[in-house]
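Trainee: Enclosed is the structure file coords.csv (CSV, C-alpha atoms).
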```
chain,number,residue,atom,x,y,z
A,23,MET,CA,147.8,166.7,-0.1
A,24,MET,CA,151.1,166.9,1.7
A,25,ALA,CA,153.2,170.0,1.5
A,26,THR,CA,155.9,168.1,-0.3
A,27,ASP,CA,153.4,167.2,-3.0
A,28,ALA,CA,152.5,170.9,-3.7
A,29,PRO,CA,151.7,171.4,-7.4
A,30,GLN,CA,154.8,173.4,-8.1
A,31,ALA,CA,157.2,170.9,-6.5
A,32,VAL,CA,158.2,168.7,-9.5
A,33,LEU,CA,160.7,166.1,-8.2
A,34,LEU,CA,160.4,163.6,-11.1
A,35,THR,CA,160.1,164.1,-14.9
A,36,LEU,CA,158.8,161.1,-16.9
A,37,ILE,CA,159.7,161.3,-20.5
A,38,VAL,CA,157.4,159.2,-22.7
A,39,CYS,CA,158.4,158.9,-26.4
A,40,THR,CA,155.5,157.6,-28.5
A,41,LEU,CA,154.8,156.6,-32.0
A,42,GLY,CA,151.7,154.8,-33.4
A,43,ARG,CA,150.2,153.8,-30.0
A,44,VAL,CA,147.0,155.1,-28.5
A,45,LYS,CA,145.5,152.4,-26.2
A,46,PRO,CA,148.8,151.5,-24.6
A,47,LEU,CA,149.7,155.1,-24.0
A,48,GLU,CA,146.3,155.7,-22.4
A,49,ARG,CA,146.9,152.7,-20.1
A,50,LEU,CA,150.2,154.3,-19.0
A,51,LEU,CA,148.6,157.7,-18.4
A,52,GLN,CA,145.8,156.0,-16.4
A,53,SER,CA,148.4,154.4,-14.2
A,54,LEU,CA,150.2,157.7,-13.7
A,55,ASN,CA,147.0,159.4,-12.9
A,56,ALA,CA,146.6,156.8,-10.0
A,57,GLN,CA,150.0,157.4,-8.4
A,58,THR,CA,150.1,157.9,-4.7
A,59,ARG,CA,152.6,160.8,-5.1
A,60,LYS,CA,151.7,163.6,-7.5
A,61,ASN,CA,154.9,165.7,-7.6
A,62,PHE,CA,155.9,164.6,-11.1
A,63,GLU,CA,155.5,165.8,-14.6
A,64,VAL,CA,155.0,163.9,-17.8
A,65,ILE,CA,156.7,165.0,-21.0
A,66,ILE,CA,155.1,163.3,-24.0
A,67,VAL,CA,157.5,163.5,-27.0
A,68,ASP,CA,155.2,162.8,-30.0
A,69,GLN,CA,156.4,161.4,-33.3
A,70,ASN,CA,152.9,160.9,-34.7
A,71,PRO,CA,151.0,163.1,-37.3
A,72,GLU,CA,149.8,166.4,-35.9
A,73,GLY,CA,146.7,165.9,-33.7
A,74,PHE,CA,147.1,162.1,-33.4
A,75,LEU,CA,147.2,162.2,-29.6
A,76,ASP,CA,145.1,165.3,-28.8
A,77,THR,CA,142.0,163.4,-27.6
A,78,THR,CA,144.1,161.0,-25.5
A,79,ILE,CA,145.9,163.7,-23.7
A,80,GLN,CA,142.7,165.7,-23.1
A,81,LYS,CA,141.4,162.7,-21.0
A,82,PHE,CA,143.9,163.4,-18.3
A,83,PRO,CA,143.5,167.1,-17.1
A,84,ALA,CA,144.9,166.2,-13.6
A,85,LEU,CA,148.3,165.2,-15.0
A,86,ARG,CA,151.0,167.8,-15.6
A,87,ILE,CA,151.6,166.9,-19.2
A,88,ARG,CA,153.9,168.8,-21.6
A,89,HIS,CA,153.3,167.7,-25.2
A,90,LEU,CA,156.3,168.1,-27.4
A,91,ARG,CA,157.2,166.9,-30.9
A,92,SER,CA,160.3,165.3,-32.4
A,93,ARG,CA,161.6,163.9,-35.6
A,94,PRO,CA,161.9,160.1,-35.8
A,95,GLY,CA,164.3,158.2,-33.5
A,96,LEU,CA,163.8,157.1,-30.0
A,97,SER,CA,167.1,158.5,-28.7
A,98,ARG,CA,166.5,161.8,-30.4
A,99,ALA,CA,163.1,162.0,-28.8
A,100,ARG,CA,164.5,161.3,-25.4
A,101,ASN,CA,167.0,164.1,-25.8
A,102,VAL,CA,164.2,166.5,-26.7
A,103,GLY,CA,162.4,165.5,-23.5
A,104,LEU,CA,165.6,165.7,-21.4
A,105,ALA,CA,166.2,169.3,-22.6
A,106,ALA,CA,162.7,170.3,-21.5
A,107,SER,CA,162.6,168.4,-18.1
A,108,SER,CA,162.5,170.2,-14.8
A,109,GLY,CA,162.4,167.4,-12.1
A,110,ARG,CA,165.3,166.6,-9.9
A,111,TYR,CA,165.2,163.1,-11.4
A,112,VAL,CA,164.0,161.7,-14.7
A,113,GLY,CA,162.7,158.4,-15.9
A,114,PHE,CA,162.0,157.0,-19.4
A,115,PRO,CA,158.8,154.8,-19.5
A,116,ASP,CA,158.0,153.4,-23.0
A,117,ASP,CA,154.5,154.0,-24.2
A,118,ASP,CA,153.6,150.4,-23.7
A,119,VAL,CA,154.4,150.0,-20.0
A,120,TRP,CA,152.3,150.9,-17.0
A,121,TYR,CA,153.1,151.7,-13.4
A,122,ARG,CA,151.9,150.2,-10.1
A,123,PRO,CA,150.2,153.0,-8.0
A,124,THR,CA,153.3,153.4,-5.7
A,125,VAL,CA,156.1,153.5,-8.3
A,126,VAL,CA,156.7,157.3,-8.1
A,127,GLU,CA,156.6,157.1,-4.3
A,128,GLU,CA,159.0,154.2,-4.3
A,129,VAL,CA,161.5,156.0,-6.6
A,130,LEU,CA,161.5,159.2,-4.7
A,131,ASP,CA,161.7,157.4,-1.3
A,132,THR,CA,164.6,155.3,-2.6
A,133,PHE,CA,166.6,158.3,-3.7
A,134,ARG,CA,165.8,160.0,-0.4
A,135,ARG,CA,167.1,157.1,1.6
A,136,ASN,CA,170.2,156.7,-0.6
A,137,SER,CA,171.4,160.2,-1.1
A,138,LYS,CA,174.7,159.1,-2.6
A,139,LEU,CA,173.0,157.3,-5.5
A,140,ASN,CA,172.8,159.1,-8.9
A,141,ILE,CA,170.9,156.2,-10.6
A,142,ILE,CA,168.5,153.5,-9.5
A,143,THR,CA,167.1,150.8,-11.7
A,144,GLY,CA,164.6,148.0,-11.4
A,145,ARG,CA,162.8,145.2,-13.3
A,146,SER,CA,160.3,145.1,-16.1
A,147,ILE,CA,157.7,142.4,-15.5
A,148,ASP,CA,154.7,141.0,-17.3
A,149,PRO,CA,151.2,141.0,-15.8
A,150,GLU,CA,151.9,137.6,-14.3
A,151,GLY,CA,155.0,138.9,-12.5
A,152,HIS,CA,157.6,137.2,-14.7
A,153,ASP,CA,160.7,139.1,-15.9
A,154,VAL,CA,160.3,140.4,-19.4
A,155,THR,CA,164.1,140.2,-19.9
A,156,VAL,CA,166.9,138.4,-18.0
A,157,MET,CA,167.6,140.3,-14.9
A,158,LEU,CA,169.6,139.9,-11.6
A,159,SER,CA,167.7,138.2,-8.9
A,160,GLU,CA,169.2,140.3,-6.0
A,161,GLU,CA,169.9,143.9,-5.6
A,162,ALA,CA,173.4,145.1,-6.5
A,163,LEU,CA,175.7,147.9,-7.3
A,164,ILE,CA,175.6,148.5,-11.0
A,165,THR,CA,178.9,147.8,-12.7
A,166,ARG,CA,180.3,147.1,-16.1
A,167,GLU,CA,180.1,143.4,-15.4
A,168,ASN,CA,176.4,143.2,-14.5
A,169,ILE,CA,175.0,146.2,-16.4
A,170,PHE,CA,173.3,144.1,-19.1
A,171,GLU,CA,171.2,142.4,-16.4
A,172,ALA,CA,170.7,145.4,-14.1
A,173,GLY,CA,168.0,147.5,-15.7
A,174,ASN,CA,166.5,148.6,-18.9
A,175,SER,CA,165.3,151.9,-20.2
A,176,ASN,CA,161.8,151.6,-18.6
A,177,THR,CA,163.3,151.2,-15.1
A,178,ILE,CA,166.1,153.7,-15.2
A,179,PHE,CA,165.7,156.7,-12.9
A,180,ILE,CA,168.6,159.2,-12.9
A,181,GLU,CA,169.5,162.6,-11.6
A,182,ARG,CA,168.3,165.1,-14.3
A,183,MET,CA,171.5,167.2,-14.4
A,184,LEU,CA,173.6,164.0,-14.9
A,185,ALA,CA,171.2,162.8,-17.6
A,186,GLN,CA,171.3,166.2,-19.4
A,187,SER,CA,175.1,166.1,-19.4
A,188,LEU,CA,175.1,162.7,-21.1
A,189,ASN,CA,172.1,162.7,-23.5
A,190,PHE,CA,171.3,159.5,-25.4
A,191,ASP,CA,173.5,158.4,-28.4
A,192,GLU,CA,171.3,159.2,-31.4
A,193,GLY,CA,173.1,156.6,-33.5
A,194,LEU,CA,171.6,153.9,-31.3
A,195,GLY,CA,168.1,152.8,-30.6
A,196,LEU,CA,164.8,152.3,-32.5
A,197,GLY,CA,164.6,154.6,-35.4
A,198,ALA,CA,168.3,155.5,-35.5
A,199,ALA,CA,169.9,155.9,-38.9
A,200,SER,CA,172.2,152.9,-38.3
A,201,ASP,CA,172.1,149.2,-38.0
A,202,PHE,CA,172.0,149.4,-34.2
A,203,GLN,CA,168.4,149.5,-33.1
A,204,SER,CA,169.1,148.8,-29.4
A,205,GLY,CA,171.6,149.4,-26.7
A,206,GLU,CA,171.1,153.1,-26.2
A,207,GLU,CA,170.1,152.8,-22.5
A,208,THR,CA,173.1,150.6,-21.7
A,209,ASP,CA,175.4,153.0,-23.5
A,210,PHE,CA,173.8,155.8,-21.5
A,211,LEU,CA,174.4,154.0,-18.2
A,212,LEU,CA,178.0,153.0,-19.1
A,213,ARG,CA,178.9,156.6,-19.9
A,214,ALA,CA,177.3,157.6,-16.6
A,215,LEU,CA,179.5,155.1,-14.7
A,216,GLY,CA,182.5,156.4,-16.6
A,217,LYS,CA,181.7,159.8,-15.1
A,218,GLY,CA,181.9,158.3,-11.6
A,219,ALA,CA,178.1,158.0,-11.1
A,220,ALA,CA,176.8,155.6,-8.5
A,221,GLY,CA,173.9,153.3,-9.5
A,222,TRP,CA,172.1,150.6,-7.7
A,223,TYR,CA,169.7,147.9,-9.0
A,224,PHE,CA,166.6,147.2,-6.9
A,225,PRO,CA,164.7,144.1,-8.1
A,226,GLU,CA,161.7,145.0,-6.0
A,227,LEU,CA,161.2,148.2,-8.1
A,228,THR,CA,159.0,146.7,-10.8
A,229,ILE,CA,157.2,148.2,-13.8
A,230,PHE,CA,154.7,146.3,-15.9
A,231,HIS,CA,155.4,145.6,-19.6
A,232,ASP,CA,153.5,143.5,-22.1
A,233,PRO,CA,155.2,140.1,-22.7
A,234,ILE,CA,157.9,140.2,-25.4
A,235,ASP,CA,156.5,137.2,-27.2
A,236,ASP,CA,153.5,139.0,-28.8
A,237,GLY,CA,152.5,136.1,-31.0
A,238,ALA,CA,154.3,137.5,-34.1
A,239,PRO,CA,155.5,135.0,-36.7
A,240,ILE,CA,158.8,133.4,-36.0
A,241,ALA,CA,160.4,135.2,-38.9
A,242,GLU,CA,159.5,138.6,-37.5
A,243,ARG,CA,160.7,137.6,-34.0
A,244,ALA,CA,164.0,136.4,-35.5
A,245,ARG,CA,164.4,139.7,-37.3
A,246,ARG,CA,163.8,141.7,-34.2
A,247,THR,CA,166.2,139.4,-32.2
A,248,THR,CA,168.9,140.0,-34.7
A,249,ALA,CA,168.3,143.8,-34.7
A,250,TYR,CA,168.5,144.0,-30.9
A,251,ALA,CA,171.5,141.7,-30.7
A,252,ARG,CA,173.5,144.0,-33.0
A,253,GLY,CA,173.3,146.7,-30.4
A,254,PHE,CA,174.6,144.4,-27.8
A,255,GLY,CA,177.6,143.3,-29.9
A,256,TYR,CA,178.4,146.9,-30.8
A,257,LEU,CA,178.5,147.9,-27.1
A,258,ILE,CA,180.8,145.0,-26.3
A,259,ARG,CA,183.2,146.3,-28.9
A,260,LYS,CA,182.8,150.0,-28.1
A,261,TYR,CA,183.5,149.5,-24.4
A,262,ARG,CA,186.3,147.0,-24.9
A,263,TYR,CA,184.9,144.0,-23.0
A,264,PRO,CA,187.4,141.2,-23.1
A,265,PRO,CA,187.0,138.6,-25.9
A,266,PRO,CA,186.2,135.8,-23.4
A,267,TYR,CA,183.1,137.8,-22.4
A,268,ILE,CA,181.4,137.8,-25.8
A,269,LEU,CA,182.7,134.3,-26.6
A,270,GLY,CA,181.1,133.0,-23.3
A,271,LYS,CA,177.8,134.6,-24.2
A,272,ILE,CA,177.8,133.1,-27.7
A,273,ALA,CA,178.9,129.7,-26.4
A,274,LYS,CA,176.0,129.7,-23.8
A,275,THR,CA,173.5,130.7,-26.4
A,276,SER,CA,174.8,128.1,-28.9
A,277,LEU,CA,174.4,125.4,-26.2
A,278,ARG,CA,170.8,126.5,-25.6
A,279,GLY,CA,170.2,126.4,-29.3
A,280,ALA,CA,171.6,122.9,-29.5
A,281,TRP,CA,169.3,121.8,-26.7
A,282,CYS,CA,166.3,123.4,-28.5
A,283,VAL,CA,167.2,121.3,-31.6
A,284,ALA,CA,167.5,118.2,-29.5
A,285,THR,CA,164.1,118.7,-27.9
A,286,GLY,CA,162.4,119.7,-31.2
A,287,ASP,CA,162.1,123.4,-30.4
A,288,LEU,CA,163.1,124.6,-33.8
A,289,ALA,CA,161.7,128.1,-33.2
A,290,GLY,CA,163.8,128.5,-30.1
A,291,ALA,CA,166.9,127.3,-32.0
A,292,ARG,CA,166.2,129.9,-34.8
A,293,LEU,CA,165.9,132.7,-32.3
A,294,ARG,CA,169.2,131.8,-30.7
A,295,ILE,CA,171.0,131.6,-34.0
A,296,ALA,CA,169.5,135.0,-34.9
A,297,TRP,CA,170.9,136.4,-31.6
A,298,ALA,CA,174.4,135.0,-32.1
A,299,ASN,CA,174.5,136.3,-35.7
A,300,GLY,CA,173.4,139.7,-34.6
A,301,VAL,CA,176.0,139.9,-31.8
A,302,LEU,CA,178.8,139.0,-34.2
A,303,TYR,CA,177.6,141.6,-36.7
A,304,GLY,CA,177.5,144.3,-34.1
A,305,TYR,CA,180.8,143.4,-32.7
A,306,THR,CA,182.6,143.5,-36.1
A,307,ARG,CA,181.0,146.6,-37.6
A,308,GLY,CA,182.6,149.3,-35.4
A,309,ARG,CA,181.0,152.7,-34.8
A,310,PRO,CA,177.9,153.8,-36.8
A,311,ALA,CA,178.4,156.5,-39.4
A,312,PHE,CA,176.0,158.8,-37.6
A,313,PRO,CA,176.3,161.8,-35.3
A,314,VAL,CA,176.5,160.3,-31.8
A,315,HIS,CA,175.5,163.1,-29.5
A,316,LYS,CA,173.2,166.1,-29.6
```
As a first step, turn the structure in this file into structure tokens.

Mentor:
Amino acid sequence: MMATDAPQAVLLTLIVCTLGRVKPLERLLQSLNAQTRKNFEVIIVDQNPEGFLDTTIQKFPALRIRHLRSRPGLSRARNVGLAASSGRYVGFPDDDVWYRPTVVEEVLDTFRRNSKLNIITGRSIDPEGHDVTVMLSEEALITRENIFEAGNSNTIFIERMLAQSLNFDEGLGLGAASDFQSGEETDFLLRALGKGAAGWYFPELTIFHDPIDDGAPIAERARRTTAYARGFGYLIRKYRYPPPYILGKIAKTSLRGAWCVATGDLAGARLRIAWANGVLYGYTRGRPAFPVHK
């Protein structure tokens, strides 16, 4: 073991918020156990019944795991993990992703080579190597203009002290007491940029995620699409993006929906209608009636 990988030298904290998943979480922990660099800690923020994860966590004695608990809400749980983190940098893998063996090494080496960066992001891909969401194809400085295609929560790595100064908006994200069940990671990054942070998107930094289309009935997929789109529409309004921005997004989606109808893809058309409706809802509703920060 290299001196820089000494047990006490925690350079990266990985905050894993989990609810209702055992096998996917075990898959993630197995992938972390196989990392080529070991100077990281894992904070599991548990929202399950007491004892639900005990057996799973006990399978990984070699990992530095801190097991915390939190009331429901993804953003709330991440803030609990942030408050307890000790690494120089933090990341936020969901409990249904898994890492290639060199991810921790790549993250730490990227920060080392780019000392002026406060944030780096990458891509979520499925097991076949396809993007899970629409992402930029080339590396780029993260800006207001490209931020929606320059990283998601699973691929955000950020300086801990900056992250702790921000916290996640607890009125956004899964489990929040609002209509906005997404957008918390983009809001987090936009506030970081507002503080003058420098972030860079690296498409070669990839993290595995199960495909979004999980075979659920179209009605359930449309419901989820609407819920996620509301967060997007809300952020467009909150951060005062110009009206042509959102109109362009809706127009493009509407054209794709029309093409789906013309080609007989009624399910695809329904999903695009659900997205447009969700965006308009989020854009017109204003701020959620919920405490925003910790």

Trainee: I'd like a table as CSV: residues in segment 115-206 of chain A with an atom no more than 7 Å from segment 243-260 of chain A, each row giving the shortest atom pair and its distance in Å to one decimal, only C-alpha atoms counted, sorted by chain and rising residue number.

Mentor:
```
residue,atom,partner,partner_atom,distance
A:Phe202,CA,A:Gly253,CA,4.8
A:Gln203,CA,A:Ala249,CA,5.9
A:Ser204,CA,A:Gly253,CA,4.8
A:Gly205,CA,A:Gly253,CA,4.9
```

Trainee: Fewer than 3 positions away in the same chain doesn't count, so skip those; otherwise give me all residues within 12 Å of Ile295 of chain A, counting all atoms listed in the file, as a compact mmCIF listing (two decimals) with C-alpha atoms, keeping the file's coordinate frame.

Mentor:
```txt
# COMPACT_ATOMS: atom_id res chain seq x y z
CA ARG A 243 160.70 137.60 -34.00
CA ALA A 244 164.00 136.40 -35.50
CA ARG A 245 164.40 139.70 -37.30
CA THR A 247 166.20 139.40 -32.20
CA THR A 248 168.90 140.00 -34.70
CA ALA A 251 171.50 141.70 -30.70
CA ILE A 272 177.80 133.10 -27.70
CA ALA A 273 178.90 129.70 -26.40
CA LYS A 274 176.00 129.70 -23.80
CA THR A 275 173.50 130.70 -26.40
CA SER A 276 174.80 128.10 -28.90
CA LEU A 277 174.40 125.40 -26.20
CA ARG A 278 170.80 126.50 -25.60
CA GLY A 279 170.20 126.40 -29.30
CA ALA A 280 171.60 122.90 -29.50
CA CYS A 282 166.30 123.40 -28.50
CA VAL A 283 167.20 121.30 -31.60
CA LEU A 288 163.10 124.60 -33.80
CA ALA A 289 161.70 128.10 -33.20
CA GLY A 290 163.80 128.50 -30.10
CA ALA A 291 166.90 127.30 -32.00
CA ARG A 292 166.20 129.90 -34.80
CA ALA A 298 174.40 135.00 -32.10
CA ASN A 299 174.50 136.30 -35.70
CA GLY A 300 173.40 139.70 -34.60
CA VAL A 301 176.00 139.90 -31.80
CA LEU A 302 178.80 139.00 -34.20
```

Trainee: Near Glu161 of chain A, counting all atoms listed in the file, which residues have an atom at most 12 Å away, once you skip same-chain residues fewer than 5 positions from it, shown as a count of residues only?

Mentor: 15

Trainee: Figure out the distance between atom CA of His152 of chain A and atom CA of Asn136 of chain A, please, to one decimal in Å.

Mentor: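 Calculated distance between atom CA of Asn136 of chain A and atom CA of His152 of chain A is 27.2 Å.
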
Trainee: Go through A:Asp153, A:Asp209, A:Asp118, A:Glu181 one by one, measure the shortest atom-to-atom distance of each to Ile169 of chain A using all atoms listed in the file, and give the residue with the smallest value.

Mentor: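 Comparing A:Asp153, A:Asp209, A:Asp118, A:Glu181 against Ile169 of chain A, the winner is A:Asp209.
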
Trainee: Between A:Leu163, A:Glu192, A:Lys81, A:Ser107, single out the one closest to Pro94 of chain A, counting all atoms listed in the file.

Mentor: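 Going through A:Leu163, A:Glu192, A:Lys81, A:Ser107 one by one, the smallest distance to Pro94 of chain A is for A:Glu192.
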
Trainee: Pick out the residues sitting within 10 Å of Gly151 of chain A, and hand them over as a list of chain:residue names; count all atoms listed in the file, and ignore anything fewer than 5 positions along from it in its own chain.

Mentor: A:Ser146, A:Thr228, A:Ile229, A:Phe230, A:His231

Trainee: From (154.3, 167.0, -21.8), in the file's coordinates, out to 6 Å: which residues are reached, counting only C-alpha atoms? Answer as a list in words.

Mentor: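 Selection result: Val64, Ile65, Ile66, Ile87, Arg88 and His89 of chain A.
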
Trainee: Mind pulling up the distance from atom CA of Pro46 of chain A to atom CA of Leu104 of chain A?

Mentor: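 Atom CA of Pro46 of chain A lies 22.2 Å from atom CA of Leu104 of chain A.
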
Trainee: Please, what distance in Å, to one decimal, runs between atom CA of Asp68 of chain A and atom CA of Arg86 of chain A?

Mentor: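 Spanning atom CA of Asp68 of chain A to atom CA of Arg86 of chain A is a straight-line distance of 15.8 Å.
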
Trainee: Would you kindly place N, CA, C and O atoms on segment 71-82 of chain A and return the model as a PDB file, keeping the file's coordinate frame?

Mentor:
```
ATOM      1  N   PRO A  71     151.580 161.949 -36.517  1.00  0.00           N
ATOM      2  CA  PRO A  71     151.000 163.100 -37.300  1.00  0.00           C
ATOM      3  C   PRO A  71     150.380 164.093 -36.314  1.00  0.00           C
ATOM      4  O   PRO A  71     149.911 163.741 -35.230  1.00  0.00           O
ATOM      5  N   GLU A  72     150.349 165.327 -36.713  1.00  0.00           N
ATOM      6  CA  GLU A  72     149.800 166.400 -35.900  1.00  0.00           C
ATOM      7  C   GLU A  72     148.322 166.033 -35.514  1.00  0.00           C
ATOM      8  O   GLU A  72     147.527 165.593 -36.350  1.00  0.00           O
ATOM      9  N   GLY A  73     148.010 166.177 -34.229  1.00  0.00           N
ATOM     10  CA  GLY A  73     146.700 165.900 -33.700  1.00  0.00           C
ATOM     11  C   GLY A  73     146.372 164.486 -33.356  1.00  0.00           C
ATOM     12  O   GLY A  73     145.307 164.192 -32.794  1.00  0.00           O
ATOM     13  N   PHE A  74     147.282 163.567 -33.622  1.00  0.00           N
ATOM     14  CA  PHE A  74     147.100 162.100 -33.400  1.00  0.00           C
ATOM     15  C   PHE A  74     146.722 161.827 -31.937  1.00  0.00           C
ATOM     16  O   PHE A  74     145.891 160.963 -31.646  1.00  0.00           O
ATOM     17  N   LEU A  75     147.356 162.529 -30.991  1.00  0.00           N
ATOM     18  CA  LEU A  75     147.200 162.200 -29.600  1.00  0.00           C
ATOM     19  C   LEU A  75     146.332 163.231 -28.815  1.00  0.00           C
ATOM     20  O   LEU A  75     146.180 163.109 -27.593  1.00  0.00           O
ATOM     21  N   ASP A  76     145.793 164.216 -29.482  1.00  0.00           N
ATOM     22  CA  ASP A  76     145.100 165.300 -28.800  1.00  0.00           C
ATOM     23  C   ASP A  76     143.971 164.767 -27.890  1.00  0.00           C
ATOM     24  O   ASP A  76     143.844 165.148 -26.715  1.00  0.00           O
ATOM     25  N   THR A  77     143.134 163.890 -28.422  1.00  0.00           N
ATOM     26  CA  THR A  77     142.000 163.400 -27.600  1.00  0.00           C
ATOM     27  C   THR A  77     142.480 162.573 -26.444  1.00  0.00           C
ATOM     28  O   THR A  77     141.920 162.684 -25.339  1.00  0.00           O
ATOM     29  N   THR A  78     143.528 161.777 -26.634  1.00  0.00           N
ATOM     30  CA  THR A  78     144.100 161.000 -25.500  1.00  0.00           C
ATOM     31  C   THR A  78     144.584 161.844 -24.409  1.00  0.00           C
ATOM     32  O   THR A  78     144.264 161.629 -23.230  1.00  0.00           O
ATOM     33  N   ILE A  79     145.354 162.847 -24.733  1.00  0.00           N
ATOM     34  CA  ILE A  79     145.900 163.700 -23.700  1.00  0.00           C
ATOM     35  C   ILE A  79     144.854 164.495 -22.971  1.00  0.00           C
ATOM     36  O   ILE A  79     144.938 164.699 -21.751  1.00  0.00           O
ATOM     37  N   GLN A  80     143.815 164.887 -23.692  1.00  0.00           N
ATOM     38  CA  GLN A  80     142.700 165.700 -23.100  1.00  0.00           C
ATOM     39  C   GLN A  80     141.960 164.869 -22.020  1.00  0.00           C
ATOM     40  O   GLN A  80     141.258 165.450 -21.185  1.00  0.00           O
ATOM     41  N   LYS A  81     142.105 163.553 -22.009  1.00  0.00           N
ATOM     42  CA  LYS A  81     141.400 162.700 -21.000  1.00  0.00           C
ATOM     43  C   LYS A  81     142.040 162.802 -19.637  1.00  0.00           C
ATOM     44  O   LYS A  81     141.449 162.294 -18.676  1.00  0.00           O
ATOM     45  N   PHE A  82     143.206 163.451 -19.524  1.00  0.00           N
ATOM     46  CA  PHE A  82     143.900 163.400 -18.300  1.00  0.00           C
ATOM     47  C   PHE A  82     144.295 164.849 -17.809  1.00  0.00           C
ATOM     48  O   PHE A  82     145.473 165.211 -17.703  1.00  0.00           O
TER      49      PHE A  82
END
```
